[in-house]
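Following: one structure in structure tokens, then a few remarks.
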Amino acid sequence: MAIHEHDTETTIEEILKAMSAKGWRITDQRKSLASLFAESRGYLAPKDVYEYMRQQYPGVSFDTVYRNLRLLTEMGVLEQIYLNDGLKFRARCESHHHHHLICISCERTIPFEFCPMKQMDGVPTDFQVLNHRFEILGYCGDCTPVNAKQQ
């Protein structure tokens, strides 16, 4: 399986387009935020995003950064996950329907095409599924603990 990759320019455009659709002004600060997520290959903690933004925009507050992360998640351009060290964010991959294996050590994201929704029994017939995510957390081949490799 391949490491999950996305096109940087397309991701920036998608994020900025979503911001614009919600009536947000497209400022240099918001372009920087979009670029950070488009160029990142892993998940980013709010603190990491704040530190990055603060270097370029010293007046930015942690609350503003965090609020933007939550709003971008609600817009569907960022996805969030709770890992061992807290809440993290990454650019949502829009290429096609797929799911992820996520290494809890290095946070490498590996896509897989199988969709378990097709095998879901017991979902009430009167429940309308609008969206779903399926993620499997574990260790990639490089990070598997030594004891587990020997079994």
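We name chains A, B, ... following the order of the structure tokens; residues begin at 1 in each chain, and ligands are numbered from 1 as shown.
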
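Excluding Cys106 in chain A itself and same-chain residues fewer than 2 positions from it, the residues having an atom within 10 Å of it are Gly42, Tyr43, Ile102, Cys103, Ile104, Arg108, Thr109, Tyr139, Cys140, Asp142 and Cys143 of chain A, counting only C-alpha atoms.
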
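Residue-level DSSP output for range 49-147 of chain A, from the backbone, shows strand (DSSP E) at A:Leu78, A:Glu79, A:Gln80, A:Ile81, A:Tyr82, A:Leu83, A:Gly86, A:Leu87, A:Lys88, A:Phe89, A:Arg90, A:Ala91, A:His99, A:His100, A:Leu101, A:Ile102, A:Cys103, A:Thr109, A:Ile110, A:Pro111, A:Phe112, A:Glu135, A:Ile136, A:Leu137, A:Gly138.
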
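Proximity to Tyr66 in chain A was assessed for A:Glu79, A:Ser105, A:Lys47, A:Trp24 counting only C-alpha atoms; the smallest distance is recorded for A:Lys47.
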
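The residue set within 8 Å of range 26-29 of chain A, counting only C-alpha atoms and dropping same-chain residues fewer than 5 places from it, reads Leu16, Met19, Ser20, Met53 and Tyr57 of chain A.
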
Could the residues in this selection be saved with N, CA, C and O atoms as a PDB file, in the first residue's frame?
```
ATOM      1  N   LEU A  16      -9.369  27.206  -0.089  1.00  0.00           N
ATOM      2  CA  LEU A  16      -9.712  28.613  -0.326  1.00  0.00           C
ATOM      3  C   LEU A  16     -11.112  28.750  -0.912  1.00  0.00           C
ATOM      4  O   LEU A  16     -11.853  29.683  -0.559  1.00  0.00           O
ATOM      5  N   MET A  19     -13.565  28.409   1.919  1.00  0.00           N
ATOM      6  CA  MET A  19     -13.570  29.637   2.722  1.00  0.00           C
ATOM      7  C   MET A  19     -14.395  30.714   2.024  1.00  0.00           C
ATOM      8  O   MET A  19     -15.232  31.365   2.644  1.00  0.00           O
ATOM      9  N   SER A  20     -14.152  30.896   0.740  1.00  0.00           N
ATOM     10  CA  SER A  20     -14.851  31.910  -0.044  1.00  0.00           C
ATOM     11  C   SER A  20     -16.354  31.639  -0.086  1.00  0.00           C
ATOM     12  O   SER A  20     -17.168  32.553   0.041  1.00  0.00           O
ATOM     13  N   MET A  53       1.832  29.666  12.323  1.00  0.00           N
ATOM     14  CA  MET A  53       1.173  30.924  11.967  1.00  0.00           C
ATOM     15  C   MET A  53       1.784  32.101  12.728  1.00  0.00           C
ATOM     16  O   MET A  53       1.936  33.191  12.176  1.00  0.00           O
ATOM     17  N   TYR A  57       2.781  35.665  11.417  1.00  0.00           N
ATOM     18  CA  TYR A  57       1.800  36.660  11.864  1.00  0.00           C
ATOM     19  C   TYR A  57       1.834  36.726  13.389  1.00  0.00           C
ATOM     20  O   TYR A  57       1.028  36.086  14.066  1.00  0.00           O
TER      21      TYR A  57
END
```

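Using only C-alpha atoms, the shortest contact distance between Lys88 in chain A and any of A:Gln119, A:Gly59, A:Leu101, A:Val49 is found at A:Val49.
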
Pick out the closest residue to Gly138 in chain A from this set: A:Met117, A:Leu69, A:Ala38, A:Ile110. Count only C-alpha atoms.
-> A:Ile110

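Atom pair CA of Val129 in chain A / CA of Leu78 in chain A has a distance of 20.2 Å (rounded to one decimal).
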
Any idea what's packed within 12 Å of Arg67 in chain A, counting only C-alpha atoms, ignoring anything in its chain fewer than 5 positions away? Could you give it as a short mmCIF file (atom, residue, chain, number, x, y, z; two decimals) with N, CA and C atoms, in the first residue's frame?
```cif
data_model
loop_
_atom_site.label_atom_id
_atom_site.label_comp_id
_atom_site.auth_asym_id
_atom_site.auth_seq_id
_atom_site.Cartn_x
_atom_site.Cartn_y
_atom_site.Cartn_z
N PRO A 46 -3.24 21.56 16.97
CA PRO A 46 -3.53 23.00 16.99
C PRO A 46 -2.32 23.83 17.42
N VAL A 49 0.04 24.27 14.48
CA VAL A 49 -0.50 25.24 13.52
C VAL A 49 -0.31 26.65 14.07
N TYR A 50 -0.58 26.84 15.35
CA TYR A 50 -0.41 28.14 15.98
C TYR A 50 1.04 28.61 15.90
N VAL A 60 -1.30 36.84 15.78
CA VAL A 60 -2.37 35.84 15.76
C VAL A 60 -2.48 35.18 17.14
N SER A 61 -3.71 34.91 17.55
CA SER A 61 -3.92 34.27 18.85
C SER A 61 -4.21 32.78 18.67
N PHE A 62 -3.94 32.02 19.71
CA PHE A 62 -4.24 30.59 19.67
C PHE A 62 -5.73 30.37 19.47
N LEU A 72 -13.04 25.11 9.66
CA LEU A 72 -12.61 24.42 8.44
C LEU A 72 -13.00 22.94 8.48
N THR A 73 -13.02 22.37 9.67
CA THR A 73 -13.49 20.99 9.82
C THR A 73 -14.98 20.91 9.53
N GLU A 74 -15.74 21.87 10.06
CA GLU A 74 -17.19 21.91 9.80
C GLU A 74 -17.49 22.12 8.32
#
```

Pick the closest to Pro111 in chain A from A:Phe134, A:Thr10, A:Phe89, A:Ile81: which is it, counting only C-alpha atoms?
-> A:Phe134
